[in-house]
Amino acid sequence: MLHMDLCQPCHDAQIEIGSHCYCCAKPFSSTTLIFNLCGNCQKNPPAFDHTYTPYLHQGAIRYLINQCKFNGAYKNTRVLGLLLANHLRKQTDTLPELILPVPLHPKRYQQRGFNQTLEIGKIIARELSIPIDNSCCQRIKNTDHQVSLTAKQRYKNIKHAFQMLKIPNARHIAILDDVMTTGATTNELAKTLKSAGVSQVDIWVCARA
């Protein structure tokens with residue numbers, strides 16, 4: 001996998017997600033269930049429609065993401081983008097009209113120096129020939145890091161965090177993020193898009209916790 005800046009043993013060490021909820025990508029314990037709907041999505045349907053992800057947030061993929069987000073490993077965005085693009089080529093029947101990376105608040109952007117999700121998105125946009133837009137929506141709430149929060153706290157923390165600056169010229173949009181844990185961030189952004197008239201919102205993430 002040298003074209004990906006990833007050696008074959010590290011590529012093979014990734015833990016594929018297996019059977020999971022087609023909506024939120026929550027892994028199922030049974031391997032006989034494929035693309036069914038989990039109980040939580042049946043009881044509390046999220047604002048998004050489908051989640052695509054190749055890996056569990058463990059091992060090498062977790063290391064790549066964490067180094068990128070918290071230790072400035074900008075170079076990892078390329079391999080993360082290529083891994084997800086390769087998965088999407090095999091899994092998606094209908095590609096969206098637009099990719100929307102999850103926005104960073106300006107203060108968080110200044111701290112980090114780049115939006116890792118935007119940089120991953122640029123790779124995927126090029127590989128799949130889909131437009132990417134990071135200007136139609138902004139993050140207006142400088143939320144606390146979600147890592148140490150409970151699921152309930154995450155949803156409260158991210159509430160009303162996004163604002164549309166312009167209506168996107170697309171009916172089908174993919175929200176791109178690096179990792180999904182509870183889905184609170186992507187769900188809040190999906191709500192914002194749906195309220196702006198977008199009819200279908202998919203979630204693309206590099207890994208699922």
# chains A, B, ... in the order shown; residues from 1 in each chain; ligands from 1
>>> select_by_dssp(residues="chain A", states="strand (DSSP E or B)", output="ChimeraX atom specification")
/A:16,20-21,27,36,50-52,55-56,98-101,132,137-139,162-164,172-180,200-208
>>> residues_around(residues="A:Asp144", least_positions_apart="5", cutoff="12 Å", atoms="only C-alpha atoms", output="ChimeraX atom specification")
/A:104-105,107-108,149,153-159,161,185
>>> residues_around(residues="A:Leu165", least_positions_apart="2", cutoff="12 Å", atoms="only C-alpha atoms", output="MDAnalysis selection string")
chainID A and resid 133:140 162:163 167:168 192:193 196
>>> residues_around(residues="stretch 83-87 of chain A", least_positions_apart="6", cutoff="9 Å", atoms="only C-alpha atoms", output="list in words")
Met4, Tyr52, Thr53, Pro54, Ile120, Ile123, Ile124, Ala125, Glu127, Leu128, Trp204, Val205, Cys206 and Ala207 of chain A
>>> closest_residue(among="A:Thr181, A:Ser30, A:Thr77, A:Cys21", to="A:Gln42", atoms="only C-alpha atoms")
A:Cys21
>>> select_by_dssp(residues="stretch 28-145 of chain A", states="helix (DSSP H, G or I)", output="short mmCIF file (atom, residue, chain, number, x, y, z; two decimals) with C-alpha atoms, in the first residue's frame")
data_model
loop_
_atom_site.label_atom_id
_atom_site.label_comp_id
_atom_site.auth_asym_id
_atom_site.auth_seq_id
_atom_site.Cartn_x
_atom_site.Cartn_y
_atom_site.Cartn_z
CA GLY A 39 -32.79 -0.23 18.30
CA ASN A 40 -31.71 3.33 19.06
CA CYS A 41 -32.18 4.47 15.46
CA GLN A 42 -35.61 2.82 15.42
CA LYS A 43 -36.62 4.54 18.65
CA GLY A 59 -5.59 0.10 16.49
CA ALA A 60 -3.79 1.74 13.58
CA ILE A 61 -6.70 3.85 12.31
CA ARG A 62 -7.22 5.32 15.77
CA TYR A 63 -3.53 6.16 15.96
CA LEU A 64 -3.62 7.88 12.56
CA ILE A 65 -6.68 9.95 13.49
CA ASN A 66 -5.46 10.92 16.96
CA GLN A 67 -2.01 11.91 15.72
CA CYS A 68 -3.67 14.05 13.07
CA LYS A 69 -6.12 15.77 15.43
CA PHE A 70 -4.02 16.23 18.54
CA ASN A 76 -2.09 11.59 7.87
CA THR A 77 -5.01 13.31 6.15
CA ARG A 78 -3.89 11.88 2.81
CA VAL A 79 -3.91 8.23 3.86
CA LEU A 80 -7.16 8.68 5.79
CA GLY A 81 -8.78 10.21 2.73
CA LEU A 82 -7.57 7.45 0.43
CA LEU A 83 -8.72 4.69 2.78
CA LEU A 84 -12.22 6.14 3.04
CA ALA A 85 -12.43 6.90 -0.70
CA ASN A 86 -11.56 3.29 -1.52
CA HIS A 87 -14.31 2.07 0.83
CA LEU A 88 -16.87 4.45 -0.64
CA ARG A 89 -16.14 3.27 -4.19
CA LYS A 90 -17.19 -0.23 -3.16
CA GLN A 91 -20.11 0.60 -0.86
CA PRO A 106 -12.31 29.68 14.31
CA LYS A 107 -10.68 29.48 17.75
CA ARG A 108 -10.20 25.72 17.42
CA TYR A 109 -8.84 26.24 13.90
CA GLN A 110 -6.28 28.73 15.23
CA GLN A 111 -5.18 26.26 17.87
CA ARG A 112 -4.85 23.32 15.48
CA GLN A 116 -8.30 17.76 9.46
CA THR A 117 -11.78 16.90 8.19
CA LEU A 118 -11.52 19.47 5.40
CA GLU A 119 -8.11 18.14 4.36
CA ILE A 120 -9.39 14.53 4.34
CA GLY A 121 -12.38 15.75 2.33
CA LYS A 122 -10.17 17.34 -0.32
CA ILE A 123 -8.56 13.95 -0.98
CA ILE A 124 -11.96 12.21 -1.24
CA ALA A 125 -13.40 14.97 -3.44
CA ARG A 126 -10.51 14.53 -5.85
CA GLU A 127 -10.66 10.73 -5.83
CA LEU A 128 -14.45 10.55 -6.36
#
>>> atom_distance(atom1="atom CA of A:Ala209", atom2="atom CA of A:Val179")
7.1 Å
>>> atom_distance(atom1="atom CA of A:Tyr74", atom2="atom CA of A:Phe114")
8.0 Å
>>> atom_distance(atom1="atom CA of A:Glu97", atom2="atom CA of A:Tyr55")
24.1 Å
>>> closest_residue(among="A:Ala13, A:Leu56, A:Ile130, A:Gly113", to="A:Ala25", atoms="only C-alpha atoms")
A:Leu56
